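Q: Shown below is the structure under consideration.
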Amino acid sequence: MNIRTRILLYTNSLILLSCSILGPIYAIYLNKIGANLLEASMAMGIFAFVAGITTYIFGRFSDSHDPKKIMILGYFLMGLAFLLYNFTSSLYGIYCLQVLMGLGEAIYSPAFDKTYTESMPKDKIGSTWGLWELSNYFAQAIGALIGGLISEYLGFNAIFITISSMCFVSCIWVYYSKELAFERTS
């Protein structure tokens, strides 16, 4: 595996891990601020709806623009949204942050997928995507445990600081990575 593929895998794994730290306990957090199960479900629905309707738009954009810059923006928006959770206690504020998270996801995902695919050795496409899947599942497993431990012993604010920091680290790592320089193909 080349250095470009490794950097993409490591930085995206931090994003996957950050989301997995919060995911399993997100409804508990929302319940603590007064949301019921329907309102918690709506928060996740807002995220998915926004990401779903904008992913194709940002995918088209990443076809003709520097995917590195696009990934940086998406990672930054996700980190910002996670950080702002520390300052939001209303359900409508949470819904706004879910919109921001959905946009961050929609912005970075197609640019990441494009860059990751282009970085793969042509004779190892299946195994290279297999590595991404492996990191995704390990992030879910490890993130669930870490999220439970942090929330139990340090509280939700510590979770939001931790996961926003992970997104910002990915953002900075991609920004300074010379191996991810944009190469126009057409």
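Labeling convention for the structure tokens: chains A, B, ... as they appear, residues from 1 per chain, ligands from 1 in order of appearance.
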So that I can see what lies close to A:Tyr95, please list as an NGL selection string the residues with an atom at most 10 Å from it, counting only C-alpha atoms and leaving out residues fewer than 2 positions away in the same chain.
A: :A and (39-40 or 42-47 or 90-93 or 97-101)
Q: Among chain A, which ones does DSSP assign to alpha helix (DSSP H) (computed from the backbone)? Answer as a VMD selection string.
A: chain A and resid 3 to 22 26 to 32 37 to 64 67 to 84 91 to 119 125 to 153 156 to 176
Q: From the options A:Phe168, A:Phe160, A:Tyr153, A:Tyr175, which residue's atoms come nearest to A:Thr88, counting only C-alpha atoms?
A: A:Phe160
Q: Could you produce a table of the residues of stretch 96-120 of chain A lying within 7 Å of stretch 5-27 of chain A, with the nearest pair of atoms per residue and their separation in Å rounded to one decimal, using only C-alpha atoms, ordered by chain and increasing residue number, as a tab-separated table?
A:
```
residue	atom	partner	partner_atom	distance
A:Tyr116	CA	A:Thr5	CA	6.2
A:Ser119	CA	A:Thr5	CA	5.6
A:Met120	CA	A:Thr5	CA	6.5
```
Q: Can you measure atom CA of A:Gly130 to atom CA of A:Ser62 for me? One decimal in Å is fine.
A: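 Going from atom CA of A:Gly130 over to atom CA of A:Ser62, I get 23.2 Å.
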Q: Excluding same-chain residues fewer than 4 positions from A:Gly104, what lies within 9 Å of it counting only C-alpha atoms, as a list in words?
A: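 Residues meeting the cut-off are Ala51, Met71, Leu73, Gly74, Tyr75, Phe76, Leu77, Met78, Gly79, Ala81, Val99, Leu100, Tyr108 and Ser109 of chain A.
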Q: Please measure the separation of atom CA of A:Phe112 and atom CA of A:Ser170, giving the value in Å to one decimal.
A: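 Rounded to one decimal, the two atoms are 12.0 Å apart.
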Q: Which distance in Å separates atom CA of A:Lys68 and atom CA of A:Tyr56, to one decimal?
A: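 If I compute the distance from atom CA of A:Lys68 to atom CA of A:Tyr56, I get 17.3 Å.
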Q: Using only C-alpha atoms, find the one residue out of A:Ile142, A:Ala181, A:Asn36, A:Lys114 that sits nearest to A:Ser64.
A: A:Lys114
Q: Nearest residue to A:Ile94 out of A:Leu154, A:Ile3, A:Ile33, A:Met166, using only C-alpha atoms?
A: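 Among A:Leu154, A:Ile3, A:Ile33, A:Met166, it is A:Ile33 that comes nearest to A:Ile94.
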Q: Would you pick out the contacts of A:Leu83 at 9 Å or less, using only C-alpha atoms, so that residues sharing its chain but fewer than 6 positions from it are not included, and give the list as number ranges by chain?
A: A: 157, 160-165
Q: Taking 6 positions as the minimum chain separation for residues in the same chain, which residues sit within 10 Å of A:Ser89 when counting only C-alpha atoms? Answer as a list in words.
A: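 In the requested format, the answer is Leu30, Lys32, Ile33 and Gly34 of chain A.
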Q: Taking C-alpha atoms for each residue, export the selection above as a JSON list (two decimals), in the first residue's frame.
A:
```
[["chain", "number", "residue", "atom", "x", "y", "z"],
["A", 30, "LEU", "CA", -30.40, 13.77, 23.48],
["A", 32, "LYS", "CA", -30.41, 14.07, 28.82],
["A", 33, "ILE", "CA", -31.18, 17.43, 27.20],
["A", 34, "GLY", "CA", -34.90, 16.64, 27.16]]
```
